[in-house]
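**Q** So I've got this file, upload.tsv, and it contains TSV, C-alpha atoms and all ligand atoms:
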```tsv
chain	number	residue	atom	x	y	z
A	1	MET	CA	9.15	-14.62	40.47
A	2	LYS	CA	9.16	-12.07	37.67
A	3	ARG	CA	6.38	-12.37	35.09
A	4	VAL	CA	6.34	-10.02	32.11
A	5	TYR	CA	3.29	-8.50	30.44
A	6	ASN	CA	3.31	-10.28	27.12
A	7	PHE	CA	1.60	-8.30	24.34
A	8	SER	CA	2.33	-10.96	21.71
A	9	PRO	CA	-0.31	-11.69	19.07
A	10	GLY	CA	0.27	-15.40	19.65
A	11	PRO	CA	1.34	-17.60	21.21
A	12	SER	CA	0.26	-15.25	23.93
A	13	GLN	CA	0.00	-14.78	27.64
A	14	LEU	CA	-2.00	-17.41	29.58
A	15	PRO	CA	-3.83	-16.69	32.86
A	16	LEU	CA	-1.45	-17.15	35.80
A	17	PRO	CA	-3.93	-19.31	37.79
A	18	VAL	CA	-4.06	-21.71	34.82
A	19	LEU	CA	-0.27	-22.03	34.70
A	20	GLU	CA	-0.14	-22.53	38.46
A	21	GLN	CA	-2.78	-25.23	38.37
A	22	ALA	CA	-1.03	-26.98	35.47
A	23	ALA	CA	2.22	-26.83	37.43
A	24	ALA	CA	0.59	-28.26	40.55
A	25	GLU	CA	-0.96	-31.10	38.53
A	26	MET	CA	2.07	-31.72	36.35
A	27	THR	CA	3.30	-34.95	37.90
A	28	ASP	CA	0.00	-36.27	39.24
A	29	THR	CA	-3.17	-35.19	37.48
A	30	HIS	CA	-6.45	-35.93	39.27
A	31	GLY	CA	-4.87	-38.72	41.30
A	32	SER	CA	-3.80	-40.66	38.20
A	33	GLY	CA	-0.12	-40.64	39.19
A	34	GLN	CA	0.76	-39.22	35.77
A	35	SER	CA	1.00	-36.02	33.80
A	36	VAL	CA	-1.59	-35.46	31.05
A	37	MET	CA	1.40	-35.63	28.67
A	38	GLU	CA	1.91	-39.27	29.62
A	39	MET	CA	-1.71	-40.45	29.48
A	40	SER	CA	-3.16	-42.66	26.79
A	41	HIS	CA	-5.65	-40.63	24.82
A	42	ARG	CA	-7.98	-43.65	25.00
A	43	SER	CA	-7.69	-44.03	28.77
A	44	GLY	CA	-10.32	-43.42	31.40
A	45	ASP	CA	-8.04	-40.68	32.72
A	46	PHE	CA	-8.07	-38.60	29.55
A	47	LYS	CA	-11.69	-39.13	28.50
A	48	PRO	CA	-13.16	-36.87	31.22
A	49	ILE	CA	-10.60	-34.18	30.32
A	50	ILE	CA	-11.59	-33.90	26.66
A	51	GLU	CA	-15.28	-34.25	27.54
A	52	LYS	CA	-15.07	-31.52	30.15
A	53	THR	CA	-13.23	-29.21	27.76
A	54	GLU	CA	-15.89	-29.65	25.09
A	55	ALA	CA	-18.76	-29.24	27.57
A	56	LEU	CA	-17.27	-26.00	28.91
A	57	LEU	CA	-16.74	-24.60	25.42
A	58	ARG	CA	-20.32	-25.51	24.50
A	59	SER	CA	-21.81	-23.83	27.54
A	60	LEU	CA	-19.61	-20.72	27.43
A	61	MET	CA	-20.20	-20.11	23.70
A	62	GLY	CA	-23.80	-21.37	23.69
A	63	ILE	CA	-23.02	-23.86	20.92
A	64	PRO	CA	-26.31	-25.39	19.70
A	65	ALA	CA	-26.79	-29.19	19.79
A	66	ASN	CA	-26.66	-29.51	15.99
A	67	TYR	CA	-23.02	-28.37	15.93
A	68	ARG	CA	-19.98	-30.59	16.46
A	69	VAL	CA	-16.85	-29.42	18.26
A	70	LEU	CA	-13.58	-30.88	16.90
A	71	PHE	CA	-10.13	-30.63	18.45
A	72	LEU	CA	-7.69	-30.86	15.54
A	73	GLN	CA	-4.09	-30.00	14.70
A	74	GLY	CA	-2.38	-28.03	11.94
A	75	GLY	CA	-3.36	-24.57	13.18
A	76	ALA	CA	-5.86	-22.19	11.66
A	77	SER	CA	-3.75	-22.38	8.50
A	78	LEU	CA	-4.71	-26.00	7.85
A	79	GLN	CA	-8.36	-24.92	7.98
A	80	PHE	CA	-7.62	-22.67	4.99
A	81	SER	CA	-7.29	-26.00	3.10
A	82	MET	CA	-9.72	-28.25	4.99
A	83	ILE	CA	-12.67	-25.87	4.59
A	84	PRO	CA	-12.63	-25.71	0.78
A	85	MET	CA	-11.75	-29.41	0.48
A	86	ASN	CA	-14.53	-30.61	2.78
A	87	LEU	CA	-17.27	-28.09	2.09
A	88	ALA	CA	-16.78	-27.67	-1.63
A	89	GLY	CA	-14.28	-30.25	-2.88
A	90	THR	CA	-15.14	-31.87	-6.22
A	91	GLU	CA	-13.97	-34.99	-7.99
A	92	PRO	CA	-11.02	-34.55	-10.39
A	93	GLY	CA	-12.11	-33.34	-13.80
A	94	SER	CA	-15.45	-31.92	-12.65
A	95	GLN	CA	-16.22	-28.24	-12.40
A	96	LYS	CA	-15.12	-26.43	-9.25
A	97	LYS	CA	-17.76	-25.04	-6.88
A	98	ARG	CA	-17.79	-21.36	-5.96
A	99	ALA	CA	-17.20	-19.67	-2.60
A	100	THR	CA	-17.06	-15.99	-1.64
A	101	TYR	CA	-14.13	-14.64	0.39
A	102	ILE	CA	-13.93	-11.18	1.93
A	103	GLU	CA	-10.36	-9.92	2.04
A	104	THR	CA	-9.85	-7.91	5.23
A	105	GLY	CA	-6.21	-8.63	5.98
A	106	ILE	CA	-3.26	-10.87	5.50
A	107	TRP	CA	-4.85	-14.00	7.02
A	108	ALA	CA	-8.01	-13.48	4.97
A	109	GLN	CA	-5.84	-13.18	1.88
A	110	LYS	CA	-4.01	-16.40	2.73
A	111	ALA	CA	-7.29	-18.23	3.30
A	112	ALA	CA	-8.54	-17.12	-0.14
A	113	ALA	CA	-5.26	-18.03	-1.86
A	114	GLU	CA	-5.36	-21.54	-0.41
A	115	GLY	CA	-9.08	-21.86	-1.10
A	116	ALA	CA	-8.47	-21.06	-4.78
A	117	LYS	CA	-6.66	-24.39	-5.16
A	118	TYR	CA	-9.93	-26.26	-4.53
A	119	VAL	CA	-12.79	-23.88	-5.31
A	120	GLU	CA	-13.54	-20.98	-7.60
A	121	VAL	CA	-12.92	-18.07	-5.24
A	122	VAL	CA	-15.13	-15.04	-5.70
A	123	LEU	CA	-13.46	-12.02	-4.09
A	124	GLY	CA	-16.60	-10.42	-2.66
A	125	ALA	CA	-14.90	-7.31	-1.27
A	126	SER	CA	-11.48	-6.17	-0.16
A	127	SER	CA	-10.08	-3.41	2.02
A	128	LYS	CA	-6.59	-3.71	0.53
A	129	ASP	CA	-6.97	-0.26	-1.07
A	130	ARG	CA	-6.49	1.36	2.35
A	131	ALA	CA	-4.07	-1.14	3.83
A	132	TYR	CA	-6.92	-3.14	5.40
A	133	THR	CA	-7.66	-0.39	7.94
A	134	TYR	CA	-11.44	-0.87	7.63
A	135	ILE	CA	-14.03	-3.60	6.96
A	136	PRO	CA	-15.58	-3.28	3.50
A	137	SER	CA	-19.34	-3.55	3.14
A	138	PRO	CA	-20.06	-7.17	2.34
A	139	PRO	CA	-21.95	-8.07	-0.84
A	140	ALA	CA	-24.77	-10.62	-0.83
A	141	PRO	CA	-23.52	-14.11	-1.61
A	142	ASN	CA	-24.13	-15.83	-4.92
A	143	SER	CA	-26.92	-18.30	-4.30
A	144	ASP	CA	-24.75	-21.19	-5.52
A	145	ASP	CA	-21.81	-20.34	-3.23
A	146	ALA	CA	-20.73	-23.38	-1.20
A	147	TYR	CA	-19.83	-21.00	1.66
A	148	TYR	CA	-18.95	-17.38	2.48
A	149	HIS	CA	-15.65	-16.81	4.31
A	150	ILE	CA	-14.75	-13.95	6.63
A	151	THR	CA	-11.99	-13.30	9.17
A	152	LEU	CA	-13.87	-11.99	12.18
A	153	ASN	CA	-10.91	-10.30	13.86
A	154	ASN	CA	-7.91	-9.30	11.79
A	155	THR	CA	-4.95	-9.97	14.03
A	156	ILE	CA	-2.25	-8.21	12.01
A	157	VAL	CA	-4.08	-5.03	10.96
A	158	GLY	CA	-6.29	-4.70	14.04
A	159	THR	CA	-9.83	-4.56	12.64
A	160	ARG	CA	-12.96	-6.51	13.49
A	161	TRP	CA	-16.36	-7.12	11.98
A	162	THR	CA	-18.95	-5.31	14.08
A	163	GLU	CA	-21.90	-6.64	12.09
A	164	LEU	CA	-22.09	-10.02	10.39
A	165	PRO	CA	-22.85	-10.24	6.67
A	166	GLN	CA	-26.29	-11.55	5.69
A	167	THR	CA	-25.67	-14.72	3.74
A	168	ALA	CA	-29.18	-16.23	3.62
A	169	ALA	CA	-28.85	-19.99	3.06
A	170	VAL	CA	-25.14	-19.84	2.21
A	171	PRO	CA	-23.12	-21.08	5.21
A	172	LEU	CA	-21.08	-18.32	6.82
A	173	VAL	CA	-17.57	-19.53	7.70
A	174	ALA	CA	-15.37	-17.47	10.02
A	175	ASP	CA	-11.79	-17.52	11.20
A	176	ILE	CA	-12.12	-16.55	14.88
A	177	SER	CA	-8.53	-17.38	15.87
A	178	SER	CA	-7.87	-14.06	17.54
A	179	SER	CA	-11.33	-13.27	18.89
A	180	ILE	CA	-12.78	-16.57	20.14
A	181	LEU	CA	-14.31	-16.09	23.62
A	182	SER	CA	-13.55	-12.35	23.64
A	183	GLU	CA	-17.12	-11.16	22.99
A	184	PRO	CA	-20.54	-12.81	22.67
A	185	LEU	CA	-21.03	-14.51	19.30
A	186	ASP	CA	-24.23	-16.08	17.97
A	187	VAL	CA	-22.89	-19.46	16.81
A	188	SER	CA	-26.18	-20.25	15.05
A	189	ARG	CA	-25.37	-17.56	12.46
A	190	PHE	CA	-22.45	-19.66	11.21
A	191	GLY	CA	-21.92	-22.87	9.31
A	192	LEU	CA	-18.36	-23.26	10.57
A	193	LEU	CA	-16.09	-21.45	13.02
A	194	TYR	CA	-12.41	-22.17	13.52
A	195	ALA	CA	-9.58	-20.97	15.73
A	196	GLY	CA	-5.97	-21.84	16.41
A	197	ALA	CA	-5.70	-22.12	20.20
A	198	GLN	CA	-2.59	-20.03	20.75
A	199	LYS	CA	-4.31	-16.63	20.90
A	200	ASN	CA	-7.20	-16.78	23.31
A	201	LEU	CA	-7.63	-20.45	24.22
A	202	GLY	CA	-4.43	-22.18	25.25
A	203	PRO	CA	-1.10	-23.37	23.90
A	204	ALA	CA	-0.25	-23.77	20.21
A	205	GLY	CA	-0.94	-27.17	18.70
A	206	THR	CA	-4.71	-27.44	18.99
A	207	THR	CA	-7.22	-26.05	16.51
A	208	VAL	CA	-10.87	-25.83	17.47
A	209	VAL	CA	-13.46	-26.32	14.72
A	210	ILE	CA	-17.18	-25.78	15.40
A	211	ILE	CA	-19.18	-27.15	12.48
A	212	ARG	CA	-22.90	-27.47	11.79
A	213	GLU	CA	-23.75	-31.15	11.36
A	214	ASP	CA	-25.31	-30.84	7.91
A	215	LEU	CA	-21.96	-29.59	6.52
A	216	ILE	CA	-20.15	-32.77	7.55
A	217	GLY	CA	-19.89	-35.63	5.09
A	218	LYS	CA	-19.68	-33.67	1.84
A	219	ALA	CA	-16.00	-34.43	1.27
A	220	PRO	CA	-15.07	-36.24	-1.95
A	221	SER	CA	-13.13	-39.51	-1.68
A	222	TRP	CA	-9.67	-38.14	-2.60
A	223	ILE	CA	-9.38	-36.04	0.57
A	224	PRO	CA	-6.69	-37.43	2.93
A	225	VAL	CA	-8.21	-39.17	5.91
A	226	MET	CA	-6.60	-36.80	8.44
A	227	LEU	CA	-8.16	-33.81	6.67
A	228	ARG	CA	-11.76	-35.08	6.74
A	229	TYR	CA	-14.28	-33.53	9.13
A	230	ASP	CA	-16.49	-36.64	8.85
A	231	ILE	CA	-13.74	-38.91	10.21
A	232	HIS	CA	-12.84	-36.57	13.09
A	233	ALA	CA	-16.52	-36.11	13.95
A	234	GLN	CA	-17.27	-39.86	13.87
A	235	GLU	CA	-14.31	-40.53	16.14
A	236	ALA	CA	-15.03	-37.59	18.49
A	237	SER	CA	-11.57	-36.05	17.76
A	238	LEU	CA	-9.89	-39.37	18.67
A	239	TYR	CA	-9.27	-40.83	15.20
A	240	ASN	CA	-5.58	-40.53	16.00
A	241	THR	CA	-3.75	-39.10	19.00
A	242	PRO	CA	-5.10	-35.59	19.59
A	243	PRO	CA	-3.04	-32.78	21.16
A	244	CYS	CA	-3.92	-34.09	24.65
A	245	TYR	CA	-1.97	-31.62	26.75
A	246	GLY	CA	-3.23	-28.64	24.76
A	247	ILE	CA	-6.83	-29.82	25.19
A	248	TYR	CA	-6.25	-30.13	28.94
A	249	ILE	CA	-4.87	-26.56	29.17
A	250	ILE	CA	-7.80	-25.24	27.11
A	251	GLY	CA	-10.07	-26.90	29.68
A	252	LEU	CA	-8.29	-25.03	32.48
A	253	VAL	CA	-8.54	-21.73	30.57
A	254	LEU	CA	-12.28	-22.31	30.08
A	255	GLU	CA	-12.75	-23.06	33.78
A	256	TRP	CA	-10.89	-19.84	34.61
A	257	LEU	CA	-13.13	-17.93	32.20
A	258	LYS	CA	-16.28	-19.47	33.65
A	259	GLY	CA	-15.11	-18.44	37.10
A	260	LEU	CA	-14.78	-14.83	35.92
A	261	GLY	CA	-18.41	-14.82	34.77
A	262	GLY	CA	-18.04	-16.19	31.24
A	263	ILE	CA	-18.08	-14.28	27.97
A	264	PRO	CA	-20.29	-11.33	29.04
A	265	ALA	CA	-17.89	-10.57	31.91
A	266	ILE	CA	-14.71	-10.96	29.87
A	267	ALA	CA	-16.22	-8.90	27.02
A	268	GLU	CA	-16.83	-6.05	29.45
A	269	HIS	CA	-13.25	-6.36	30.69
A	270	ASN	CA	-11.94	-6.41	27.10
A	271	ARG	CA	-13.94	-3.31	26.14
A	272	GLN	CA	-12.57	-1.54	29.18
A	273	LYS	CA	-8.93	-2.45	28.35
A	274	ALA	CA	-9.17	-1.62	24.66
A	275	GLY	CA	-11.22	1.54	25.33
A	276	MET	CA	-8.57	2.82	27.70
A	277	PHE	CA	-5.79	2.13	25.22
A	278	TYR	CA	-7.57	3.73	22.24
A	279	ARG	CA	-8.44	6.79	24.35
A	280	TYR	CA	-4.78	7.17	25.15
A	281	LEU	CA	-3.73	6.78	21.49
A	282	ASP	CA	-6.37	9.26	20.28
A	283	GLN	CA	-5.08	12.05	22.52
A	284	SER	CA	-1.40	11.26	22.07
A	285	ARG	CA	0.85	13.65	20.12
A	286	LEU	CA	3.37	10.93	19.32
A	287	PHE	CA	1.36	7.74	18.79
A	288	ARG	CA	-1.55	7.09	16.47
A	289	SER	CA	-3.90	4.23	15.60
A	290	PRO	CA	-4.09	3.76	11.81
A	291	VAL	CA	-7.44	1.92	12.03
A	292	ASP	CA	-10.90	3.35	11.25
A	293	PRO	CA	-12.50	3.86	14.71
A	294	VAL	CA	-15.68	2.02	13.65
A	295	PHE	CA	-13.83	-1.24	13.03
A	296	ARG	CA	-11.17	-1.22	15.73
A	297	SER	CA	-10.26	-4.60	17.20
A	298	LEU	CA	-10.59	-5.21	20.92
A	299	MET	CA	-7.82	-7.80	20.80
A	300	ASN	CA	-5.03	-6.48	18.58
A	301	ILE	CA	-4.18	-2.79	18.54
A	302	PRO	CA	-1.55	-1.63	16.05
A	303	PHE	CA	-0.10	1.86	16.49
A	304	VAL	CA	2.58	3.99	14.87
A	305	ILE	CA	4.73	6.99	15.73
A	306	THR	CA	3.64	10.08	13.83
A	307	GLY	CA	5.10	13.43	12.87
A	308	VAL	CA	8.59	12.08	12.34
A	309	GLU	CA	10.57	11.49	9.17
A	310	ARG	CA	10.51	7.94	7.93
A	311	ALA	CA	14.11	7.03	8.84
A	312	GLU	CA	13.76	8.55	12.27
A	313	ARG	CA	10.42	6.89	12.81
A	314	ALA	CA	11.90	3.41	12.29
A	315	ASP	CA	14.66	4.23	14.80
A	316	LEU	CA	12.24	5.58	17.34
A	317	GLU	CA	9.90	2.60	16.96
A	318	ALA	CA	12.78	0.17	17.42
A	319	ARG	CA	13.83	2.12	20.51
A	320	PHE	CA	10.25	1.97	21.81
A	321	VAL	CA	10.07	-1.82	21.48
A	322	ARG	CA	13.51	-2.21	23.11
A	323	GLU	CA	12.85	0.10	26.04
A	324	ALA	CA	9.40	-1.37	26.68
A	325	ALA	CA	10.90	-4.88	26.81
A	326	ALA	CA	13.46	-3.69	29.34
A	327	GLN	CA	10.48	-2.62	31.52
A	328	GLY	CA	8.85	-6.06	31.25
A	329	LEU	CA	6.38	-5.02	28.51
A	330	VAL	CA	7.33	-7.51	25.81
A	331	ASN	CA	6.48	-8.36	22.20
A	332	LEU	CA	5.23	-4.94	21.13
A	333	ALA	CA	6.73	-4.95	17.63
A	334	GLY	CA	4.18	-4.81	14.80
A	335	HIS	CA	3.87	-7.66	12.32
A	336	ARG	CA	6.91	-7.95	10.04
A	337	LEU	CA	4.73	-7.13	7.00
A	338	VAL	CA	3.14	-3.95	8.38
A	339	GLY	CA	5.74	-2.53	10.80
A	340	GLY	CA	5.00	-0.11	13.61
A	341	MET	CA	3.90	-1.51	16.96
A	342	ARG	CA	1.03	-3.67	18.13
A	343	ALA	CA	-0.37	-4.44	21.56
A	344	SER	CA	-2.44	-7.62	21.73
A	345	LEU	CA	-4.84	-7.48	24.67
A	346	TYR	CA	-6.27	-10.99	24.78
A	347	ASN	CA	-8.50	-12.26	27.60
A	348	ALA	CA	-5.54	-13.11	29.83
A	349	MET	CA	-4.04	-9.60	29.74
A	350	PRO	CA	-4.97	-7.89	33.00
A	351	LEU	CA	-6.02	-4.25	33.19
A	352	GLU	CA	-2.80	-3.48	35.07
A	353	GLY	CA	-0.78	-4.59	32.03
A	354	VAL	CA	-2.55	-2.02	29.87
A	355	GLN	CA	-2.15	0.65	32.55
A	356	GLU	CA	1.59	-0.03	32.77
A	357	LEU	CA	1.90	0.14	29.01
A	358	ILE	CA	0.11	3.50	28.90
A	359	THR	CA	2.30	4.89	31.67
A	360	PHE	CA	5.39	3.76	29.79
A	361	MET	CA	4.12	5.31	26.53
A	362	ASP	CA	3.26	8.56	28.25
A	363	ARG	CA	6.82	8.86	29.55
A	364	PHE	CA	8.23	7.90	26.16
A	365	GLU	CA	6.09	10.58	24.56
A	366	GLU	CA	7.25	13.10	27.14
A	367	ARG	CA	10.87	12.35	26.26
A	368	TYR	CA	10.62	12.11	22.50
A	369	PHE	CA	7.79	14.38	21.42
A	370	LYS	CA	9.75	17.53	22.25
A	371	HIS	CA	12.72	16.20	20.36
A	372	VAL	CA	10.50	15.37	17.41
A	373	SER	CA	8.80	18.75	17.27
A	374	TYR	CA	11.90	20.63	16.13
A	375	THR	CA	13.40	17.97	13.89
A	376	ASN	CA	10.13	17.42	12.03
A	377	HIS	CA	10.59	18.54	8.42
A	378	GLU	CA	7.50	16.85	7.02
B	401	LIG	C1	-2.78	-16.55	14.00
B	401	LIG	C2	-3.83	-16.55	12.97
B	401	LIG	C3	-3.83	-17.51	11.94
B	401	LIG	C4	-2.75	-18.54	11.78
B	401	LIG	O1	-2.83	-19.45	12.78
B	401	LIG	P1	-1.92	-20.78	12.83
B	401	LIG	O2	-2.56	-21.53	13.94
B	401	LIG	O3	-0.52	-20.34	13.09
B	401	LIG	O4	-2.05	-21.46	11.52
B	401	LIG	C5	-4.88	-17.48	11.06
B	401	LIG	N1	-5.87	-16.58	11.16
B	401	LIG	C6	-5.89	-15.65	12.13
B	401	LIG	C7	-7.02	-14.66	12.19
B	401	LIG	C8	-4.87	-15.61	13.07
B	401	LIG	O5	-4.89	-14.68	14.03
```
For this file, write the structure as structure tokens.
Ligand SMILES: *Cc1c(COP(=O)(O)O)cnc(C)c1O
**A**
Amino acid sequence: MKRVYNFSPGPSQLPLPVLEQAAAEMTDTHGSGQSVMEMSHRSGDFKPIIEKTEALLRSLMGIPANYRVLFLQGGASLQFSMIPMNLAGTEPGSQKKRATYIETGIWAQKAAAEGAKYVEVVLGASSKDRAYTYIPSPPAPNSDDAYYHITLNNTIVGTRWTELPQTAAVPLVADISSSILSEPLDVSRFGLLYAGAQKNLGPAGTTVVIIREDLIGKAPSWIPVMLRYDIHAQEASLYNTPPCYGIYIIGLVLEWLKGLGGIPAIAEHNRQKAGMFYRYLDQSRLFRSPVDPVFRSLMNIPFVITGVERAERADLEARFVREAAAQGLVNLAGHRLVGGMRASLYNAMPLEGVQELITFMDRFEERYFKHVSYTNHE
């Protein structure tokens, strides 16, 4: 069997023991004589699966009792609409409520653009002036803000919030799609947290929403039933058929994580992996991290080739991605909007994957830096 190291930003690599267990249970899960894909979501076979998944998430993240956990669909992107609709939606003809958004990257920008359809968006701060390579200092919220939205880890540009903004009584809402379960997080600081599963939790198709109970039930009547937190909370994520198989795999991922020692243990592992990779980049003559060291992401690490003319750089970067893939180090191209390269080092990426990548880059540097040094006219 040949497994690659998959550095994709999502869908991303899953832990091998999880895939093996899923394979072993594929045709007969827990003695039911069926796959989870074939089970009724209302059956006694599926109920313990969704309950176990929620209980594990609660204990690993330390989710307080006054928060609800919802397993929804539509990806993190649907939350860009559901959050403003449910937390600040108003009846037609009445004045829109306000919410503050901090623009720290392309996903943050998309969240604000969608939010603006339903609320009056106040752009609290933006790091667009320097291509989102840092986290701007967050302003205090307006006291009448319905919520305050941040993107905790910026998947495309590779930054992360190292300190949460102080929002007093205004609920802090965070997109944690690419950082959920990667580091300790004090859930009680937030009104709502959301994450698409396909980065650090499981397969695409499930979205996890963690919402403080007092924020449920504010939705005006025009909001479609499938987009209402109150309905999904009342029905314990079983209003309609949930993404059953995805929820089951998330449960296996959470069990795997618990077995490793939970979030403190994985956070240590993540700091070790990212630290090693940044140390390599910072001493490299050919590669460079464009991100302010203070705000560097542990999960998504963009890098570029330096000291080369633009046309040559694009060629060399394409060659890098191609040659890495041939070595089993796949999906290293940067996001189509920002270019360059990016290594995503989610929980499931082992240390050996990062070591192999560094060894490959070192050899690449050895081969191409010399070449670069006499063709560099910049
Ligand atoms: C991937 C990602 C999204 C989009 O997620 P979908 O589930 O594809 O909608 C949104 N925000 C962040 C921070 C992401 O990393």
**Q** Within 6 Å of ligand LIG 401 (chain B), which residues of chain A come that close, and what is the closest atom pair and distance in Å for each? Count only C-alpha atoms and all ligand atoms and give it as a Markdown table.
**A**
```
| residue | atom | partner | partner_atom | distance |
| --- | --- | --- | --- | --- |
| A:Gly75 | CA | B:LIG401 | O2 | 3.2 |
| A:Ala76 | CA | B:LIG401 | O4 | 3.9 |
| A:Ser77 | CA | B:LIG401 | O4 | 3.6 |
| A:Trp107 | CA | B:LIG401 | N1 | 5.0 |
| A:Thr151 | CA | B:LIG401 | C7 | 6.0 |
| A:Asn154 | CA | B:LIG401 | C7 | 5.4 |
| A:Thr155 | CA | B:LIG401 | O5 | 4.7 |
| A:Asp175 | CA | B:LIG401 | C7 | 5.6 |
| A:Ser177 | CA | B:LIG401 | C7 | 4.8 |
| A:Ser178 | CA | B:LIG401 | O5 | 4.6 |
| A:Gly196 | CA | B:LIG401 | O2 | 4.2 |
```
**Q** Kindly save the residues from that selection, with C-alpha atoms included, as an mmCIF file, in the coordinates of the input.
**A**
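Below is the file again-v3.cif, written as the result:
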```cif
data_model
loop_
_atom_site.group_PDB
_atom_site.id
_atom_site.type_symbol
_atom_site.label_atom_id
_atom_site.label_comp_id
_atom_site.auth_asym_id
_atom_site.auth_seq_id
_atom_site.Cartn_x
_atom_site.Cartn_y
_atom_site.Cartn_z
ATOM 1 C CA GLY A 75 -3.360 -24.570 13.180
ATOM 2 C CA ALA A 76 -5.860 -22.190 11.660
ATOM 3 C CA SER A 77 -3.750 -22.380 8.500
ATOM 4 C CA TRP A 107 -4.850 -14.000 7.020
ATOM 5 C CA THR A 151 -11.990 -13.300 9.170
ATOM 6 C CA ASN A 154 -7.910 -9.300 11.790
ATOM 7 C CA THR A 155 -4.950 -9.970 14.030
ATOM 8 C CA ASP A 175 -11.790 -17.520 11.200
ATOM 9 C CA SER A 177 -8.530 -17.380 15.870
ATOM 10 C CA SER A 178 -7.870 -14.060 17.540
ATOM 11 C CA GLY A 196 -5.970 -21.840 16.410
#
```
**Q** Glu163 in chain A: which residues within 10 Å, counting only C-alpha atoms, same-chain residues fewer than 3 positions away excluded, as a CSV table (one decimal) with C-alpha atoms, in the coordinates of the input?
**A**
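The file below, part_22.csv, is the result:
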```csv
chain,number,residue,atom,x,y,z
A,135,ILE,CA,-14.0,-3.6,7.0
A,137,SER,CA,-19.3,-3.6,3.1
A,138,PRO,CA,-20.1,-7.2,2.3
A,152,LEU,CA,-13.9,-12.0,12.2
A,160,ARG,CA,-13.0,-6.5,13.5
A,166,GLN,CA,-26.3,-11.6,5.7
A,295,PHE,CA,-13.8,-1.2,13.0
```
**Q** What does the distance between CA of Ser344 in chain A and CA of Phe7 in chain A come to in Å, to one decimal place?
**A**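 Taking CA of Ser344 in chain A as the start and CA of Phe7 in chain A as the end point, the length is 4.9 Å.
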**Q** Can you pull out the residues contacting Ser284 in chain A? Cut-off 9 Å, using only C-alpha atoms, and skip same-chain residues under 4 positions away; I want them as number ranges by chain.
**A** A: 279-280, 288, 362, 365
**Q** Determine, counting all atoms listed in the file, which protein, DNA and RNA residues have an atom within 9 Å of an atom of range 88-93 of chain A; residues of the same chain fewer than 6 positions away are not included. Present the result as a list in words.
**A**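 Listing them by chain and then by number gives Ala99, Tyr118, Val119, Ala146, Tyr147, Lys218, Ala219, Pro220, Ser221, Trp222 and Ile223 of chain A.
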**Q** Please produce an output containing C-alpha atoms for each residue in the selection, written as a JSON list (two decimals), keeping the file's coordinate frame.
**A**
```
[["chain", "number", "residue", "atom", "x", "y", "z"],
["A", 99, "ALA", "CA", -17.20, -19.67, -2.60],
["A", 118, "TYR", "CA", -9.93, -26.26, -4.53],
["A", 119, "VAL", "CA", -12.79, -23.88, -5.31],
["A", 146, "ALA", "CA", -20.73, -23.38, -1.20],
["A", 147, "TYR", "CA", -19.83, -21.00, 1.66],
["A", 218, "LYS", "CA", -19.68, -33.67, 1.84],
["A", 219, "ALA", "CA", -16.00, -34.43, 1.27],
["A", 220, "PRO", "CA", -15.07, -36.24, -1.95],
["A", 221, "SER", "CA", -13.13, -39.51, -1.68],
["A", 222, "TRP", "CA", -9.67, -38.14, -2.60],
["A", 223, "ILE", "CA", -9.38, -36.04, 0.57]]
```
**Q** With a distance cut-off of 10 Å and all atoms listed in the file, select the neighbouring residues of Val225 in chain A, excluding the residue or stretch itself and same-chain residues fewer than 6 positions from it, and output the selection as a VMD selection string.
**A** chain A and resid 231 to 232 239
**Q** Can you tell me which residues surround Leu298 in chain A at a distance of at most 10 Å, considering only C-alpha atoms, apart from same-chain residues fewer than 5 positions away, and format the answer as a PDB file with C-alpha atoms, in the coordinates of the input?
**A**
```pdb
ATOM      1  CA  ASN A 153     -10.910 -10.300  13.860  1.00  0.00           C
ATOM      2  CA  GLY A 158      -6.290  -4.700  14.040  1.00  0.00           C
ATOM      3  CA  THR A 159      -9.830  -4.560  12.640  1.00  0.00           C
ATOM      4  CA  ARG A 160     -12.960  -6.510  13.490  1.00  0.00           C
ATOM      5  CA  SER A 178      -7.870 -14.060  17.540  1.00  0.00           C
ATOM      6  CA  SER A 179     -11.330 -13.270  18.890  1.00  0.00           C
ATOM      7  CA  SER A 182     -13.550 -12.350  23.640  1.00  0.00           C
ATOM      8  CA  GLU A 183     -17.120 -11.160  22.990  1.00  0.00           C
ATOM      9  CA  ALA A 267     -16.220  -8.900  27.020  1.00  0.00           C
ATOM     10  CA  ASN A 270     -11.940  -6.410  27.100  1.00  0.00           C
ATOM     11  CA  ARG A 271     -13.940  -3.310  26.140  1.00  0.00           C
ATOM     12  CA  GLN A 272     -12.570  -1.540  29.180  1.00  0.00           C
ATOM     13  CA  LYS A 273      -8.930  -2.450  28.350  1.00  0.00           C
ATOM     14  CA  ALA A 274      -9.170  -1.620  24.660  1.00  0.00           C
ATOM     15  CA  GLY A 275     -11.220   1.540  25.330  1.00  0.00           C
ATOM     16  CA  PHE A 277      -5.790   2.130  25.220  1.00  0.00           C
ATOM     17  CA  TYR A 278      -7.570   3.730  22.240  1.00  0.00           C
ATOM     18  CA  SER A 344      -2.440  -7.620  21.730  1.00  0.00           C
ATOM     19  CA  LEU A 345      -4.840  -7.480  24.670  1.00  0.00           C
ATOM     20  CA  TYR A 346      -6.270 -10.990  24.780  1.00  0.00           C
ATOM     21  CA  ASN A 347      -8.500 -12.260  27.600  1.00  0.00           C
TER      22      ASN A 347
END
```
**Q** Enter the distance from CA of Ala233 in chain A to CA of Leu87 in chain A, in Å, rounded to one decimal.
**A**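 Calculated distance between CA of Ala233 in chain A and CA of Leu87 in chain A is 14.3 Å.
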